[in-house]
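S.K.: After the C-alpha cells below, expect a handful of questions from me.
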Amino acid sequence: MQLLAYVTGLPPGNRSPLRAQVMRLAVVLLYTAGLRRGELVRLTLADVDAQTGVLRIRESKFHKSRWVPLSASARSELQAYLAA
C-alpha cells in the first residue's frame with residue numbers, strides 16, 4: 001500500500017506527463033499478474049484487451065507467448081490508466 005501511495009504521488013516529468021499513472025499501473029501489473037520486468041516493458045496497446053482484462057505476453061521466457069488474465073482490481077487500474 002505504501003508503494004502504491006508513493007508512486008501515485010509522483011510529479012509529472014518533462015517527457016512523461018502521466019508518470020504517476022504509468023508507475024502505478026506498472027506496480028499493479030508486476031504484483032498482481034506476476035509479470036517479469038522485461039515482459040512489462042515490452043507490452044504494447046495491441047497486447048491489451050481491456051474489456052476482458054487479458055494481457056498477451058509475447059515471446060517471454062524460452063520464447064513462448066502466453067495469455068495472462070487480470071483480477072478485477074487490476075482490470076480497473078488498467079481501464080483508469082487507459083482513460084487518463
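As shown in the C-alpha cells, the chain order sets the letters A, B, ...; within each chain, residues go from 1, and ligands are also counted from 1 in the order they appear.
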Give me, as JSON lines, each residue of range 28-71 of chain A that comes within 12 Å of range 5-23 of chain A, together with its shortest interatomic pair and the distance in Å at one decimal, counting only C-alpha atoms, with rows ordered by chain and rising residue number.

M.R.:
```
{"residue": "A:Val28", "atom": "CA", "partner": "A:Met23", "partner_atom": "CA", "distance": 8.6}
{"residue": "A:Leu29", "atom": "CA", "partner": "A:Met23", "partner_atom": "CA", "distance": 9.9}
{"residue": "A:Leu30", "atom": "CA", "partner": "A:Met23", "partner_atom": "CA", "distance": 10.5}
{"residue": "A:Leu40", "atom": "CA", "partner": "A:Val22", "partner_atom": "CA", "distance": 11.1}
{"residue": "A:Val41", "atom": "CA", "partner": "A:Val22", "partner_atom": "CA", "distance": 11.1}
```

S.K.: Taking the DSSP secondary structure from the backbone, can you list the residues of range 5-80 of chain A that are strand (DSSP E or B), as a ChimeraX atom specification?

M.R.: /A:48-49,54-57,66-69

S.K.: Work out how far apart CA of Leu78 in chain A and CA of Arg36 in chain A are and give it in Å to one decimal.

M.R.: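 Rounded to one decimal, the two atoms are 17.2 Å apart.
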
S.K.: Taking only C-alpha atoms into account, name the residue in A:Tyr81, A:Arg75, A:Trp67, A:Arg56 that is nearest to Arg24 in chain A.

M.R.: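 Of A:Tyr81, A:Arg75, A:Trp67, A:Arg56, the one nearest Arg24 in chain A, counting only C-alpha atoms, is A:Tyr81.
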
S.K.: Which is closest to Arg37 in chain A among A:Leu4, A:Ile57, A:Ala72, A:Leu82, if we use only C-alpha atoms?

M.R.: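 Checking each of A:Leu4, A:Ile57, A:Ala72, A:Leu82 against Arg37 in chain A, counting only C-alpha atoms, the winner is A:Ile57.
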
S.K.: Select, from A:Leu43, A:Ala26, A:Leu35, A:Ala50, the residue with the minimum atom-to-atom distance to Ser76 in chain A, counting only C-alpha atoms.

M.R.: A:Ala50

S.K.: May I have all residues of chain A that DSSP, computed from the backbone, assigns to helix (DSSP H, G or I), given as a VMD selection string?

M.R.: chain A and resid 2 to 8 19 to 32 37 to 42 45 to 47 61 to 63 72 to 83

S.K.: How about saving the chosen residues, N, CA and C atoms kept, as a compact mmCIF listing (two decimals), in the first residue's frame?

M.R.:
```
# COMPACT_ATOMS: atom_id res chain seq x y z
N GLN A 2 1.95 1.25 0.75
CA GLN A 2 2.80 2.43 0.79
C GLN A 2 3.45 2.69 -0.56
N LEU A 3 3.83 1.62 -1.25
CA LEU A 3 4.45 1.78 -2.56
C LEU A 3 3.45 2.39 -3.54
N LEU A 4 2.21 1.91 -3.53
CA LEU A 4 1.19 2.49 -4.42
C LEU A 4 0.92 3.95 -4.07
N ALA A 5 0.88 4.26 -2.81
CA ALA A 5 0.68 5.66 -2.40
C ALA A 5 1.83 6.53 -2.86
N TYR A 6 3.05 6.01 -2.77
CA TYR A 6 4.23 6.77 -3.19
C TYR A 6 4.20 7.05 -4.69
N VAL A 7 3.99 6.00 -5.50
CA VAL A 7 4.03 6.21 -6.95
C VAL A 7 2.85 7.05 -7.43
N THR A 8 1.73 6.99 -6.75
CA THR A 8 0.58 7.81 -7.12
C THR A 8 0.89 9.30 -6.92
N ARG A 19 3.41 10.17 -15.62
CA ARG A 19 4.40 9.39 -14.87
C ARG A 19 3.77 8.63 -13.70
N ALA A 20 2.96 9.30 -12.90
CA ALA A 20 2.35 8.64 -11.73
C ALA A 20 1.43 7.50 -12.16
N GLN A 21 0.64 7.72 -13.21
CA GLN A 21 -0.28 6.68 -13.67
C GLN A 21 0.47 5.48 -14.25
N VAL A 22 1.55 5.76 -14.99
CA VAL A 22 2.35 4.68 -15.57
C VAL A 22 2.99 3.84 -14.46
N MET A 23 3.58 4.50 -13.49
CA MET A 23 4.25 3.77 -12.41
C MET A 23 3.26 2.99 -11.56
N ARG A 24 2.09 3.56 -11.32
CA ARG A 24 1.07 2.85 -10.53
C ARG A 24 0.63 1.58 -11.26
N LEU A 25 0.35 1.70 -12.57
CA LEU A 25 -0.07 0.53 -13.33
C LEU A 25 1.06 -0.50 -13.38
N ALA A 26 2.30 -0.05 -13.51
CA ALA A 26 3.43 -0.97 -13.54
C ALA A 26 3.52 -1.78 -12.25
N VAL A 27 3.39 -1.12 -11.12
CA VAL A 27 3.45 -1.82 -9.83
C VAL A 27 2.30 -2.81 -9.72
N VAL A 28 1.11 -2.39 -10.11
CA VAL A 28 -0.06 -3.28 -10.02
C VAL A 28 0.13 -4.51 -10.90
N LEU A 29 0.60 -4.32 -12.14
CA LEU A 29 0.77 -5.46 -13.05
C LEU A 29 1.90 -6.38 -12.60
N LEU A 30 2.99 -5.81 -12.13
CA LEU A 30 4.09 -6.66 -11.65
C LEU A 30 3.64 -7.52 -10.47
N TYR A 31 2.89 -6.92 -9.57
CA TYR A 31 2.48 -7.63 -8.36
C TYR A 31 1.32 -8.59 -8.59
N THR A 32 0.25 -8.11 -9.23
CA THR A 32 -0.96 -8.93 -9.32
C THR A 32 -0.92 -9.96 -10.44
N ARG A 37 9.89 -7.99 -15.32
CA ARG A 37 10.15 -6.61 -15.74
C ARG A 37 10.22 -6.48 -17.25
N GLY A 38 10.92 -7.38 -17.91
CA GLY A 38 11.06 -7.33 -19.36
C GLY A 38 9.72 -7.50 -20.07
N GLU A 39 8.87 -8.34 -19.51
CA GLU A 39 7.54 -8.53 -20.09
C GLU A 39 6.73 -7.25 -19.99
N LEU A 40 6.83 -6.60 -18.86
CA LEU A 40 6.10 -5.35 -18.66
C LEU A 40 6.57 -4.28 -19.63
N VAL A 41 7.86 -4.16 -19.81
CA VAL A 41 8.42 -3.13 -20.68
C VAL A 41 8.03 -3.36 -22.14
N ARG A 42 7.89 -4.62 -22.54
CA ARG A 42 7.56 -4.92 -23.94
C ARG A 42 6.06 -4.87 -24.25
N LEU A 45 -0.12 -1.51 -26.61
CA LEU A 45 -1.59 -1.46 -26.57
C LEU A 45 -2.21 -2.63 -27.30
N ALA A 46 -1.54 -3.14 -28.32
CA ALA A 46 -2.05 -4.30 -29.05
C ALA A 46 -2.09 -5.56 -28.19
N ASP A 47 -1.33 -5.59 -27.11
CA ASP A 47 -1.28 -6.76 -26.23
C ASP A 47 -2.34 -6.71 -25.13
N LYS A 61 9.98 -15.95 -21.54
CA LYS A 61 10.96 -16.97 -21.18
C LYS A 61 10.84 -18.17 -22.12
N PHE A 62 11.95 -18.63 -22.63
CA PHE A 62 12.02 -19.74 -23.57
C PHE A 62 11.27 -19.43 -24.86
N HIS A 63 11.11 -18.15 -25.18
CA HIS A 63 10.49 -17.67 -26.42
C HIS A 63 9.05 -18.15 -26.58
N ALA A 72 -10.04 -8.38 -11.08
CA ALA A 72 -10.98 -7.27 -11.26
C ALA A 72 -10.34 -5.94 -10.87
N SER A 73 -9.57 -5.92 -9.79
CA SER A 73 -8.93 -4.66 -9.37
C SER A 73 -7.83 -4.24 -10.34
N ALA A 74 -7.08 -5.19 -10.87
CA ALA A 74 -6.04 -4.86 -11.86
C ALA A 74 -6.69 -4.37 -13.15
N ARG A 75 -7.80 -4.98 -13.52
CA ARG A 75 -8.53 -4.52 -14.72
C ARG A 75 -9.02 -3.09 -14.53
N SER A 76 -9.49 -2.76 -13.35
CA SER A 76 -9.93 -1.40 -13.05
C SER A 76 -8.78 -0.41 -13.16
N GLU A 77 -7.61 -0.80 -12.65
CA GLU A 77 -6.42 0.04 -12.75
C GLU A 77 -6.04 0.26 -14.22
N LEU A 78 -6.11 -0.80 -15.00
CA LEU A 78 -5.78 -0.71 -16.42
C LEU A 78 -6.74 0.23 -17.14
N GLN A 79 -8.01 0.10 -16.87
CA GLN A 79 -9.00 0.96 -17.51
C GLN A 79 -8.84 2.42 -17.09
N ALA A 80 -8.48 2.66 -15.82
CA ALA A 80 -8.23 4.03 -15.35
C ALA A 80 -7.01 4.63 -16.06
N TYR A 81 -5.98 3.80 -16.25
CA TYR A 81 -4.80 4.28 -16.98
C TYR A 81 -5.15 4.63 -18.42
N LEU A 82 -5.88 3.75 -19.08
CA LEU A 82 -6.24 3.99 -20.48
C LEU A 82 -7.12 5.23 -20.61
N ALA A 83 -7.96 5.49 -19.63
CA ALA A 83 -8.80 6.68 -19.65
C ALA A 83 -7.98 7.97 -19.48
```

S.K.: Rounded to one decimal, what separation in Å do you get between CA of Ala84 in chain A and CA of Arg58 in chain A?

M.R.: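 Between CA of Ala84 in chain A and CA of Arg58 in chain A the gap is 25.1 Å.
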
S.K.: Provide the CA of Glu59 in chain A to CA of Ala33 in chain A distance in Å, to one decimal place.

M.R.: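 Answer for the CA of Glu59 in chain A to CA of Ala33 in chain A separation: 16.5 Å.
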